[in-house]
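Chemist: Got input-v1.json for you, JSON, C-alpha atoms:
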```json
[["chain", "number", "residue", "atom", "x", "y", "z"],
["A", 1, "MET", "CA", -18.98, -7.06, 12.68],
["A", 2, "SER", "CA", -15.80, -5.62, 14.17],
["A", 3, "SER", "CA", -14.16, -7.44, 17.04],
["A", 4, "PRO", "CA", -13.96, -5.76, 20.48],
["A", 5, "ALA", "CA", -10.20, -5.43, 20.02],
["A", 6, "SER", "CA", -10.53, -3.51, 16.77],
["A", 7, "LEU", "CA", -13.18, -1.26, 18.28],
["A", 8, "ALA", "CA", -10.96, -0.51, 21.24],
["A", 9, "ASN", "CA", -7.88, 0.10, 19.11],
["A", 10, "PRO", "CA", -8.84, 1.38, 15.64],
["A", 11, "SER", "CA", -5.21, 2.12, 14.77],
["A", 12, "ALA", "CA", -4.34, -1.56, 15.24],
["A", 13, "SER", "CA", -7.19, -2.48, 12.90],
["A", 14, "SER", "CA", -5.92, 0.06, 10.36],
["A", 15, "ALA", "CA", -2.39, -1.35, 10.56],
["A", 16, "ALA", "CA", -3.71, -4.87, 9.95],
["A", 17, "GLU", "CA", -5.72, -3.65, 6.95],
["A", 18, "ASN", "CA", -2.62, -1.92, 5.57],
["A", 19, "ARG", "CA", -0.59, -5.13, 5.84],
["A", 20, "LEU", "CA", -3.32, -7.11, 4.08],
["A", 21, "GLY", "CA", -3.66, -4.40, 1.45],
["A", 22, "ILE", "CA", 0.07, -4.55, 0.73],
["A", 23, "LEU", "CA", -0.03, -8.35, 0.47],
["A", 24, "CYS", "CA", -2.88, -8.11, -2.04],
["A", 25, "MET", "CA", -0.97, -5.53, -4.07],
["A", 26, "VAL", "CA", 2.25, -7.58, -4.18],
["A", 27, "THR", "CA", 0.41, -10.74, -5.23],
["A", 28, "GLY", "CA", -1.62, -8.85, -7.79],
["A", 29, "MET", "CA", 1.54, -7.34, -9.28],
["A", 30, "ALA", "CA", 3.12, -10.79, -9.59],
["A", 31, "LEU", "CA", 0.10, -12.03, -11.54],
["A", 32, "PHE", "CA", 0.00, -8.90, -13.68],
["A", 33, "THR", "CA", 3.67, -9.40, -14.60],
["A", 34, "LEU", "CA", 3.05, -13.01, -15.59],
["A", 35, "ASN", "CA", 0.05, -11.83, -17.58],
["A", 36, "ASP", "CA", 2.15, -9.13, -19.27],
["A", 37, "ALA", "CA", 4.87, -11.60, -20.25],
["A", 38, "MET", "CA", 2.28, -13.84, -21.90],
["A", 39, "GLY", "CA", 0.70, -10.83, -23.59],
["A", 40, "LYS", "CA", 4.05, -9.70, -24.96],
["A", 41, "TRP", "CA", 4.42, -13.04, -26.71],
["A", 42, "LEU", "CA", 0.84, -13.10, -28.03],
["A", 43, "VAL", "CA", 0.75, -9.53, -29.33],
["A", 44, "GLU", "CA", 3.46, -10.39, -31.86],
["A", 45, "THR", "CA", 0.94, -12.40, -33.89],
["A", 46, "CYS", "CA", -2.47, -11.43, -32.52],
["A", 47, "PRO", "CA", -4.16, -8.01, -32.89],
["A", 48, "VAL", "CA", -4.71, -6.09, -29.66],
["A", 49, "PRO", "CA", -8.55, -5.97, -29.97],
["A", 50, "LEU", "CA", -8.63, -9.77, -30.27],
["A", 51, "ILE", "CA", -6.67, -10.10, -27.04],
["A", 52, "LEU", "CA", -8.95, -7.62, -25.27],
["A", 53, "ALA", "CA", -12.15, -9.29, -26.48],
["A", 54, "VAL", "CA", -11.22, -12.92, -25.83],
["A", 55, "ARG", "CA", -9.55, -12.39, -22.46],
["A", 56, "SER", "CA", -12.58, -10.39, -21.28],
["A", 57, "ALA", "CA", -14.96, -13.08, -22.48],
["A", 58, "SER", "CA", -13.09, -15.77, -20.52],
["A", 59, "ALA", "CA", -13.11, -13.61, -17.39],
["A", 60, "LEU", "CA", -16.85, -12.90, -17.74],
["A", 61, "LEU", "CA", -17.55, -16.64, -17.93],
["A", 62, "ILE", "CA", -15.98, -17.01, -14.51],
["A", 63, "LEU", "CA", -17.77, -13.94, -13.16],
["A", 64, "ALA", "CA", -21.20, -14.97, -14.51],
["A", 65, "PRO", "CA", -22.23, -17.22, -11.58],
["A", 66, "LEU", "CA", -21.20, -14.52, -9.08],
["A", 67, "ILE", "CA", -23.13, -11.88, -11.03],
["A", 68, "MET", "CA", -26.29, -14.00, -11.15],
["A", 69, "ARG", "CA", -26.02, -14.79, -7.45],
["A", 70, "ALA", "CA", -25.66, -11.13, -6.52],
["A", 71, "GLY", "CA", -28.30, -9.98, -8.99],
["A", 72, "LEU", "CA", -27.95, -7.73, -12.02],
["A", 73, "SER", "CA", -29.45, -4.73, -10.23],
["A", 74, "SER", "CA", -26.96, -5.12, -7.39],
["A", 75, "VAL", "CA", -23.95, -5.35, -9.71],
["A", 76, "PHE", "CA", -24.88, -2.71, -12.29],
["A", 77, "GLY", "CA", -27.22, -0.45, -10.28],
["A", 78, "VAL", "CA", -24.42, 1.87, -9.12],
["A", 79, "PRO", "CA", -25.25, 5.24, -7.50],
["A", 80, "ASP", "CA", -22.53, 7.14, -9.40],
["A", 81, "PRO", "CA", -22.41, 5.75, -12.95],
["A", 82, "GLY", "CA", -20.41, 8.72, -14.24],
["A", 83, "ARG", "CA", -17.39, 7.87, -12.08],
["A", 84, "HIS", "CA", -17.61, 4.21, -13.07],
["A", 85, "LEU", "CA", -17.72, 5.19, -16.73],
["A", 86, "ILE", "CA", -14.62, 7.39, -16.36],
["A", 87, "ARG", "CA", -12.82, 4.56, -14.58],
["A", 88, "ASN", "CA", -13.71, 2.07, -17.31],
["A", 89, "VAL", "CA", -12.55, 4.44, -20.06],
["A", 90, "LEU", "CA", -9.23, 4.82, -18.24],
["A", 91, "ILE", "CA", -8.87, 1.04, -17.90],
["A", 92, "VAL", "CA", -9.58, 0.43, -21.60],
["A", 93, "ALA", "CA", -7.06, 3.11, -22.55],
["A", 94, "GLU", "CA", -4.39, 1.76, -20.17],
["A", 95, "VAL", "CA", -4.70, -1.83, -21.40],
["A", 96, "ALA", "CA", -4.62, -0.75, -25.04],
["A", 97, "PHE", "CA", -1.61, 1.54, -24.44],
["A", 98, "PHE", "CA", 0.26, -1.28, -22.74],
["A", 99, "TYR", "CA", -0.22, -3.88, -25.47],
["A", 100, "LEU", "CA", 0.56, -1.36, -28.19],
["A", 101, "ALA", "CA", 3.72, -0.35, -26.33],
["A", 102, "VAL", "CA", 5.03, -3.89, -25.79],
["A", 103, "ARG", "CA", 4.56, -4.54, -29.49],
["A", 104, "GLU", "CA", 7.15, -1.82, -30.12],
["A", 105, "MET", "CA", 9.43, -2.18, -27.08],
["A", 106, "PRO", "CA", 10.89, -4.88, -24.83],
["A", 107, "LEU", "CA", 8.62, -5.81, -21.93],
["A", 108, "ALA", "CA", 11.16, -4.68, -19.32],
["A", 109, "ASP", "CA", 11.40, -1.22, -20.88],
["A", 110, "VAL", "CA", 7.63, -0.76, -20.85],
["A", 111, "MET", "CA", 7.34, -1.96, -17.28],
["A", 112, "THR", "CA", 10.14, 0.36, -16.21],
["A", 113, "ILE", "CA", 8.20, 3.34, -17.56],
["A", 114, "TYR", "CA", 5.14, 2.02, -15.72],
["A", 115, "MET", "CA", 7.14, 2.27, -12.51],
["A", 116, "ALA", "CA", 6.34, 6.00, -12.57],
["A", 117, "ALA", "CA", 2.65, 5.25, -11.95],
["A", 118, "PRO", "CA", 2.90, 4.67, -8.18],
["A", 119, "LEU", "CA", 4.85, 7.91, -7.84],
["A", 120, "LEU", "CA", 2.07, 9.71, -9.68],
["A", 121, "VAL", "CA", -0.56, 8.08, -7.48],
["A", 122, "THR", "CA", 1.18, 9.14, -4.28],
["A", 123, "ALA", "CA", 1.49, 12.71, -5.52],
["A", 124, "LEU", "CA", -2.01, 12.92, -6.99],
["A", 125, "SER", "CA", -3.70, 11.26, -3.98],
["A", 126, "VAL", "CA", -3.15, 14.52, -2.07],
["A", 127, "PRO", "CA", -5.10, 16.92, -4.36],
["A", 128, "LEU", "CA", -7.53, 14.37, -5.82],
["A", 129, "LEU", "CA", -8.33, 12.25, -2.75],
["A", 130, "GLY", "CA", -7.42, 14.55, 0.11],
["A", 131, "GLU", "CA", -4.99, 12.03, 1.59],
["A", 132, "LYS", "CA", -2.03, 13.20, 3.66],
["A", 133, "VAL", "CA", 1.55, 12.30, 2.77],
["A", 134, "GLY", "CA", 4.25, 13.39, 5.21],
["A", 135, "LEU", "CA", 7.63, 14.85, 4.35],
["A", 136, "ARG", "CA", 9.51, 11.61, 5.02],
["A", 137, "ARG", "CA", 7.29, 9.70, 2.64],
["A", 138, "TRP", "CA", 7.69, 12.43, 0.02],
["A", 139, "ILE", "CA", 11.47, 12.03, 0.36],
["A", 140, "ALA", "CA", 11.11, 8.26, -0.02],
["A", 141, "VAL", "CA", 9.01, 8.75, -3.14],
["A", 142, "GLY", "CA", 11.68, 11.08, -4.52],
["A", 143, "ILE", "CA", 14.34, 8.43, -3.91],
["A", 144, "GLY", "CA", 12.16, 5.87, -5.67],
["A", 145, "PHE", "CA", 11.82, 8.18, -8.67],
["A", 146, "ALA", "CA", 15.62, 8.55, -8.71],
["A", 147, "GLY", "CA", 15.78, 4.76, -8.92],
["A", 148, "VAL", "CA", 13.44, 4.80, -11.92],
["A", 149, "VAL", "CA", 15.66, 7.38, -13.62],
["A", 150, "LEU", "CA", 18.72, 5.25, -12.90],
["A", 151, "VAL", "CA", 17.07, 2.22, -14.49],
["A", 152, "LEU", "CA", 16.11, 4.27, -17.54],
["A", 153, "ARG", "CA", 19.63, 5.72, -17.87],
["A", 154, "PRO", "CA", 18.70, 8.90, -19.81],
["A", 155, "GLY", "CA", 20.91, 9.50, -22.80],
["A", 156, "GLY", "CA", 21.07, 5.82, -23.66],
["A", 157, "ASP", "CA", 19.28, 4.08, -26.51],
["A", 158, "PHE", "CA", 15.95, 3.99, -24.71],
["A", 159, "LEU", "CA", 13.56, 6.18, -26.65],
["A", 160, "SER", "CA", 11.54, 4.39, -29.30],
["A", 161, "ALA", "CA", 8.20, 4.58, -31.06],
["A", 162, "GLY", "CA", 6.59, 2.80, -28.11],
["A", 163, "THR", "CA", 7.87, 5.16, -25.42],
["A", 164, "PRO", "CA", 5.01, 7.71, -25.71],
["A", 165, "LEU", "CA", 2.52, 4.83, -25.60],
["A", 166, "ALA", "CA", 4.14, 3.47, -22.45],
["A", 167, "LEU", "CA", 4.17, 6.93, -20.83],
["A", 168, "ALA", "CA", 0.49, 7.40, -21.65],
["A", 169, "GLY", "CA", -0.23, 3.96, -20.20],
["A", 170, "SER", "CA", 1.62, 4.82, -17.00],
["A", 171, "LEU", "CA", -0.42, 7.99, -16.52],
["A", 172, "THR", "CA", -3.75, 6.31, -17.23],
["A", 173, "PHE", "CA", -2.80, 3.46, -14.90],
["A", 174, "ALA", "CA", -2.16, 5.95, -12.09],
["A", 175, "LEU", "CA", -5.47, 7.69, -12.75],
["A", 176, "THR", "CA", -7.23, 4.32, -12.79],
["A", 177, "LEU", "CA", -5.87, 3.49, -9.34],
["A", 178, "ILE", "CA", -6.99, 6.87, -8.01],
["A", 179, "SER", "CA", -10.47, 6.50, -9.51],
["A", 180, "THR", "CA", -10.73, 3.06, -7.92],
["A", 181, "ARG", "CA", -9.82, 4.56, -4.57],
["A", 182, "SER", "CA", -12.59, 7.17, -5.00],
["A", 183, "LEU", "CA", -15.13, 4.35, -5.50],
["A", 184, "ARG", "CA", -14.51, 2.54, -2.23],
["A", 185, "GLY", "CA", -18.25, 2.33, -1.66],
["A", 186, "ALA", "CA", -18.70, 0.11, -4.72],
["A", 187, "SER", "CA", -18.47, -3.64, -4.34],
["A", 188, "GLY", "CA", -15.46, -5.49, -5.67],
["A", 189, "LEU", "CA", -17.76, -7.52, -7.94],
["A", 190, "THR", "CA", -19.15, -4.34, -9.49],
["A", 191, "LEU", "CA", -15.70, -2.92, -10.13],
["A", 192, "ILE", "CA", -14.25, -6.04, -11.72],
["A", 193, "THR", "CA", -17.39, -6.81, -13.75],
["A", 194, "THR", "CA", -17.78, -3.34, -15.22],
["A", 195, "GLN", "CA", -14.11, -3.00, -16.12],
["A", 196, "THR", "CA", -13.99, -6.46, -17.71],
["A", 197, "LEU", "CA", -17.15, -5.74, -19.67],
["A", 198, "GLY", "CA", -15.82, -2.35, -20.76],
["A", 199, "VAL", "CA", -12.55, -3.79, -22.07],
["A", 200, "GLY", "CA", -14.42, -6.59, -23.82],
["A", 201, "VAL", "CA", -16.84, -4.23, -25.55],
["A", 202, "ALA", "CA", -14.01, -1.97, -26.70],
["A", 203, "GLY", "CA", -12.08, -4.93, -28.12],
["A", 204, "THR", "CA", -15.14, -6.37, -29.85],
["A", 205, "VAL", "CA", -16.03, -3.07, -31.52],
["A", 206, "ALA", "CA", -12.49, -2.64, -32.89],
["A", 207, "LEU", "CA", -11.92, -6.30, -33.80],
["A", 208, "PRO", "CA", -13.55, -6.34, -37.29],
["A", 209, "PHE", "CA", -11.10, -3.67, -38.45],
["A", 210, "VAL", "CA", -7.98, -5.70, -37.57],
["A", 211, "TRP", "CA", -9.21, -9.30, -37.71],
["A", 212, "VAL", "CA", -6.58, -12.04, -37.91],
["A", 213, "ALA", "CA", -7.65, -15.64, -37.30],
["A", 214, "PRO", "CA", -5.84, -16.99, -34.20],
["A", 215, "THR", "CA", -4.59, -20.53, -33.77],
["A", 216, "LEU", "CA", -6.16, -22.78, -31.16],
["A", 217, "LEU", "CA", -3.10, -22.37, -28.93],
["A", 218, "GLU", "CA", -3.22, -18.59, -29.19],
["A", 219, "LEU", "CA", -6.94, -18.57, -28.44],
["A", 220, "SER", "CA", -6.41, -20.76, -25.39],
["A", 221, "LEU", "CA", -3.57, -18.63, -24.05],
["A", 222, "ILE", "CA", -5.60, -15.45, -24.50],
["A", 223, "GLY", "CA", -8.32, -17.12, -22.46],
["A", 224, "VAL", "CA", -5.79, -17.83, -19.72],
["A", 225, "LEU", "CA", -4.86, -14.15, -19.83],
["A", 226, "GLY", "CA", -8.42, -13.32, -18.89],
["A", 227, "VAL", "CA", -8.36, -15.55, -15.82],
["A", 228, "VAL", "CA", -4.99, -14.29, -14.62],
["A", 229, "ALA", "CA", -5.92, -10.64, -15.22],
["A", 230, "LEU", "CA", -9.23, -11.17, -13.40],
["A", 231, "VAL", "CA", -7.55, -12.45, -10.26],
["A", 232, "ALA", "CA", -4.91, -9.71, -10.42],
["A", 233, "HIS", "CA", -7.50, -6.96, -10.80],
["A", 234, "VAL", "CA", -9.49, -8.31, -7.86],
["A", 235, "LEU", "CA", -6.40, -8.26, -5.66],
["A", 236, "VAL", "CA", -5.35, -4.74, -6.67],
["A", 237, "ASN", "CA", -8.88, -3.38, -6.28],
["A", 238, "HIS", "CA", -9.17, -5.00, -2.86],
["A", 239, "SER", "CA", -5.83, -3.57, -1.75],
["A", 240, "LEU", "CA", -7.02, -0.06, -2.61],
["A", 241, "LYS", "CA", -10.22, -0.60, -0.67],
["A", 242, "LEU", "CA", -8.28, -1.78, 2.38],
["A", 243, "SER", "CA", -5.55, 0.88, 2.50],
["A", 244, "PRO", "CA", -4.86, 4.45, 1.37],
["A", 245, "ALA", "CA", -3.40, 4.75, -2.10],
["A", 246, "ALA", "CA", -0.21, 6.32, -0.73],
["A", 247, "VAL", "CA", 0.42, 3.18, 1.35],
["A", 248, "VAL", "CA", -0.13, 0.41, -1.18],
["A", 249, "ALA", "CA", 0.82, 2.19, -4.42],
["A", 250, "PRO", "CA", 4.62, 1.97, -3.85],
["A", 251, "TYR", "CA", 4.35, -1.82, -3.77],
["A", 252, "GLN", "CA", 3.50, -1.85, -7.43],
["A", 253, "TYR", "CA", 7.27, -1.52, -7.78],
["A", 254, "THR", "CA", 7.58, -5.21, -6.93],
["A", 255, "SER", "CA", 6.45, -5.92, -10.48],
["A", 256, "LEU", "CA", 9.99, -4.98, -11.49],
["A", 257, "VAL", "CA", 11.32, -7.84, -9.35],
["A", 258, "TRP", "CA", 8.89, -10.28, -10.94],
["A", 259, "ALA", "CA", 9.84, -9.00, -14.40],
["A", 260, "MET", "CA", 13.52, -9.58, -13.69],
["A", 261, "ALA", "CA", 12.78, -13.08, -12.39],
["A", 262, "LEU", "CA", 10.70, -13.99, -15.45],
["A", 263, "GLY", "CA", 13.28, -12.47, -17.76],
["A", 264, "TRP", "CA", 16.01, -14.60, -16.20],
["A", 265, "ALA", "CA", 13.90, -17.76, -16.09],
["A", 266, "PHE", "CA", 12.52, -17.66, -19.65],
["A", 267, "TRP", "CA", 14.89, -15.47, -21.66],
["A", 268, "GLY", "CA", 18.15, -15.63, -19.71],
["A", 269, "ASP", "CA", 18.15, -11.87, -19.10],
["A", 270, "VAL", "CA", 20.32, -10.80, -16.16],
["A", 271, "PRO", "CA", 20.00, -7.17, -15.00],
["A", 272, "ASP", "CA", 23.23, -5.18, -14.92],
["A", 273, "LEU", "CA", 24.44, -3.23, -11.87],
["A", 274, "PRO", "CA", 22.65, 0.09, -12.61],
["A", 275, "VAL", "CA", 19.33, -1.70, -13.11],
["A", 276, "ALA", "CA", 19.76, -3.75, -9.93],
["A", 277, "PHE", "CA", 20.72, -0.67, -7.90],
["A", 278, "GLY", "CA", 17.84, 1.34, -9.33],
["A", 279, "ALA", "CA", 15.42, -1.46, -8.50],
["A", 280, "ALA", "CA", 16.78, -1.56, -4.95],
["A", 281, "LEU", "CA", 16.09, 2.18, -4.58],
["A", 282, "ILE", "CA", 12.58, 1.79, -5.96],
["A", 283, "ILE", "CA", 11.66, -1.11, -3.70],
["A", 284, "GLY", "CA", 13.42, 0.40, -0.68],
["A", 285, "SER", "CA", 11.41, 3.60, -0.99],
["A", 286, "GLY", "CA", 8.17, 1.64, -1.01],
["A", 287, "MET", "CA", 9.21, -0.33, 2.04],
["A", 288, "PHE", "CA", 10.07, 2.90, 3.86],
["A", 289, "VAL", "CA", 6.62, 4.32, 3.09],
["A", 290, "PHE", "CA", 5.03, 1.27, 4.70],
["A", 291, "HIS", "CA", 7.42, 1.42, 7.68],
["A", 292, "ARG", "CA", 6.65, 5.09, 8.22],
["A", 293, "GLU", "CA", 2.91, 4.35, 8.07],
["A", 294, "GLN", "CA", 3.32, 1.74, 10.79],
["A", 295, "GLN", "CA", 5.25, 4.23, 12.96],
["A", 296, "LEU", "CA", 2.48, 6.79, 12.63],
["A", 297, "ALA", "CA", -0.17, 4.20, 13.51],
["A", 298, "LYS", "CA", 1.74, 3.19, 16.65],
["A", 299, "ALA", "CA", 2.19, 6.83, 17.65],
["A", 300, "ALA", "CA", -1.52, 7.48, 17.24],
["A", 301, "SER", "CA", -2.38, 4.50, 19.44]]
```
Would you write the structure of this file as structure tokens?
Modeler:
Amino acid sequence: MSSPASLANPSASSAAENRLGILCMVTGMALFTLNDAMGKWLVETCPVPLILAVRSASALLILAPLIMRAGLSSVFGVPDPGRHLIRNVLIVAEVAFFYLAVREMPLADVMTIYMAAPLLVTALSVPLLGEKVGLRRWIAVGIGFAGVVLVLRPGGDFLSAGTPLALAGSLTFALTLISTRSLRGASGLTLITTQTLGVGVAGTVALPFVWVAPTLLELSLIGVLGVVALVAHVLVNHSLKLSPAAVVAPYQYTSLVWAMALGWAFWGDVPDLPVAFGAALIIGSGMFVFHREQQLAKAAS
């Protein structure tokens, strides 16, 4: 039940939901980056289907009590199964593209290409979701894209066999976020359960063709991947249910900050000046989008 204050001032309630949505997105991106760093290490010796199957199985073990409490009909009896199926196909494709890409490229390079996904979401949220994005936010998004280009430094030794895979992953990731936004009526448990099950089934079907026996340590770490990815997906899904995609999507850029921090902490990587400046542009554009959203909410009130 809404409080009297939120009923009297819906714009204030919307602003609070936007702040919470952004917090969920930032936290989810931090966990995703940690998950990606672990996956980068594991994919060097483990086949991608094995990672998909085992990490999904570990996540489903955690979800099982929640599914039984809610009831199978409540979780899987969705009114629009076609949209859920499309979303799950996109998620399976995105996860597979990512792991295949990081097997060919450094993690930071893949994640930099993924930085284009929030820009795509903001642009596509207008025709696909009917959301409104003002001129100032479009300018901010353009500046953020300039930051991505600066980080990539076209003309350098960036292109590799994994680049098309990373680009495909970025696009499918953006479409996944948009499809999640279009399913706001579905429960968070339904979304996370169906996507985890979809990834697990896809990995299990492909696993016999690429089977390599994992060590106990590898198996355990893949299981941890499932838990971390589960929590991250819940946070990102919840952020998109709380706030418009154009508001929270730019904060996916914070994953670049987490990637730099992990790279420095575990591999001694220190970003050079162009990368640092590009990251500042990317993050600054996202912060401006949020600031502009708050200004519009105050004006409406």
Chemist: Using only the atoms of range 254-270 of chain A listed in the file, plus 4 Å on each side, state the axis-aligned box centre and edge lengths in Å rounded to one decimal, as JSON.
Modeler:
```
{"center_x": 13.4, "center_y": -11.4, "center_z": -14.3, "size_x": 21.9, "size_y": 20.8, "size_z": 22.7}
```
Chemist: In file coordinates, which residues lie within 10 Å of (-2.8, -15.3, -26.7) using all atoms listed in the file, given as a PyMOL selection string?
Modeler: chain A and resi 38-48+50-52+54-55+214-226
Chemist: With only C-alpha atoms as the atoms that count, which of A:Ile113, A:Ala37, A:Val26, A:Ser58 lies nearest to Val227 in chain A?
Modeler: A:Ser58
Chemist: Restricting the calculation to all atoms listed in the file: of A:Val236, A:Met115, A:Ala259, A:Val75, which residue gets closest to Val141 in chain A?
Modeler: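 Among A:Val236, A:Met115, A:Ala259, A:Val75, it is A:Met115 that comes nearest to Val141 in chain A.
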Chemist: With only C-alpha atoms as the counted atoms, please give the residues lying no more than 7 Å from Ala168 in chain A, apart from itself and same-chain residues fewer than 4 positions off, as an MDAnalysis selection string.
Modeler: chainID A and resid 97 164 172
Chemist: Would you save the residues from that selection as an mmCIF file, keeping the file's coordinate frame, using C-alpha atoms?
Modeler:
```cif
data_model
loop_
_atom_site.group_PDB
_atom_site.id
_atom_site.type_symbol
_atom_site.label_atom_id
_atom_site.label_comp_id
_atom_site.auth_asym_id
_atom_site.auth_seq_id
_atom_site.Cartn_x
_atom_site.Cartn_y
_atom_site.Cartn_z
ATOM 1 C CA PHE A 97 -1.610 1.540 -24.440
ATOM 2 C CA PRO A 164 5.010 7.710 -25.710
ATOM 3 C CA THR A 172 -3.750 6.310 -17.230
#
```
Chemist: Go through A:Leu23, A:Ala53, A:Val228, A:Val247 and flag the residue nearest Arg292 in chain A, using only C-alpha atoms for the distances.
Modeler: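 Of the candidates, the smallest distance to Arg292 in chain A is held by A:Val247.
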Chemist: Choose the residue, out of A:Tyr114, A:Phe76, A:Phe277, A:Phe209, that has the smallest atom-to-atom separation from Pro250 in chain A; count all atoms listed in the file.
Modeler: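 Comparing A:Tyr114, A:Phe76, A:Phe277, A:Phe209 against Pro250 in chain A, the winner is A:Tyr114.
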Chemist: Would you kindly identify which residues have an atom no farther than 10 Å from (1.1, 9.3, -6.6), using all atoms listed in the file and the file's own coordinates, and write them out as a ChimeraX atom specification?
Modeler: /A:116-126,133,138,141,174-175,177-178,245-246,249-250
Chemist: For the atom pair CA of Gly284 in chain A and CA of Phe145 in chain A, what is the interatomic distance in Å to one decimal place?
Modeler: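 CA of Phe145 in chain A lies 11.3 Å from CA of Gly284 in chain A.
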Chemist: Contacts of Met25 in chain A at 9 Å or less, counting only C-alpha atoms, minus same-chain residues fewer than 3 places along, as a PyMOL selection string?
Modeler: chain A and resi 20-22+28-30+232+235-240+248-249+251-252
Chemist: Just give me the gap between CA of Met68 in chain A and CA of Pro81 in chain A in Å, one decimal is fine.
Modeler: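 According to the coordinates, CA of Met68 in chain A and CA of Pro81 in chain A are separated by 20.2 Å.
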Chemist: To one decimal place in Å, what is the distance between CA of Glu104 in chain A and CA of Gly162 in chain A?
Modeler: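 Between these atoms lies a distance of 5.1 Å.
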Chemist: Measuring atom to atom with all atoms listed in the file, identify which of A:Val212, A:Ala206, A:Leu135, A:Val199 is nearest to Leu90 in chain A.
Modeler: A:Val199
Chemist: Write out as a short mmCIF file (atom, residue, chain, number, x, y, z; two decimals) with C-alpha atoms, keeping the file's coordinate frame each polymer residue whose atoms come within 9 Å of Ser182 in chain A, counting all atoms listed in the file; drop sequence neighbours fewer than 5 positions from it.
Modeler:
```
data_model
loop_
_atom_site.label_atom_id
_atom_site.label_comp_id
_atom_site.auth_asym_id
_atom_site.auth_seq_id
_atom_site.Cartn_x
_atom_site.Cartn_y
_atom_site.Cartn_z
CA ARG A 83 -17.39 7.87 -12.08
CA LEU A 128 -7.53 14.37 -5.82
CA LEU A 129 -8.33 12.25 -2.75
CA LEU A 177 -5.87 3.49 -9.34
#
```
Chemist: Out of A:Pro106, A:Gly188, A:Pro79, A:Gly203, which residue has the shortest atom-to-atom distance to Gly263 in chain A when counting only C-alpha atoms?
Modeler: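 For Gly263 in chain A, the nearest of the given residues is A:Pro106.
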Chemist: Neighbours of Asn88 in chain A within 10 Å (all atoms listed in the file; same-chain residues fewer than 2 positions away dropped), as a list of chain:residue names?
Modeler: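 In the requested format, the answer is A:Gly82, A:Arg83, A:His84, A:Leu85, A:Ile86, A:Leu90, A:Ile91, A:Val92, A:Ala93, A:Glu94, A:Thr176, A:Ser179, A:Thr180, A:Leu191, A:Ile192, A:Thr194, A:Gln195, A:Thr196, A:Leu197, A:Gly198, A:Val199.
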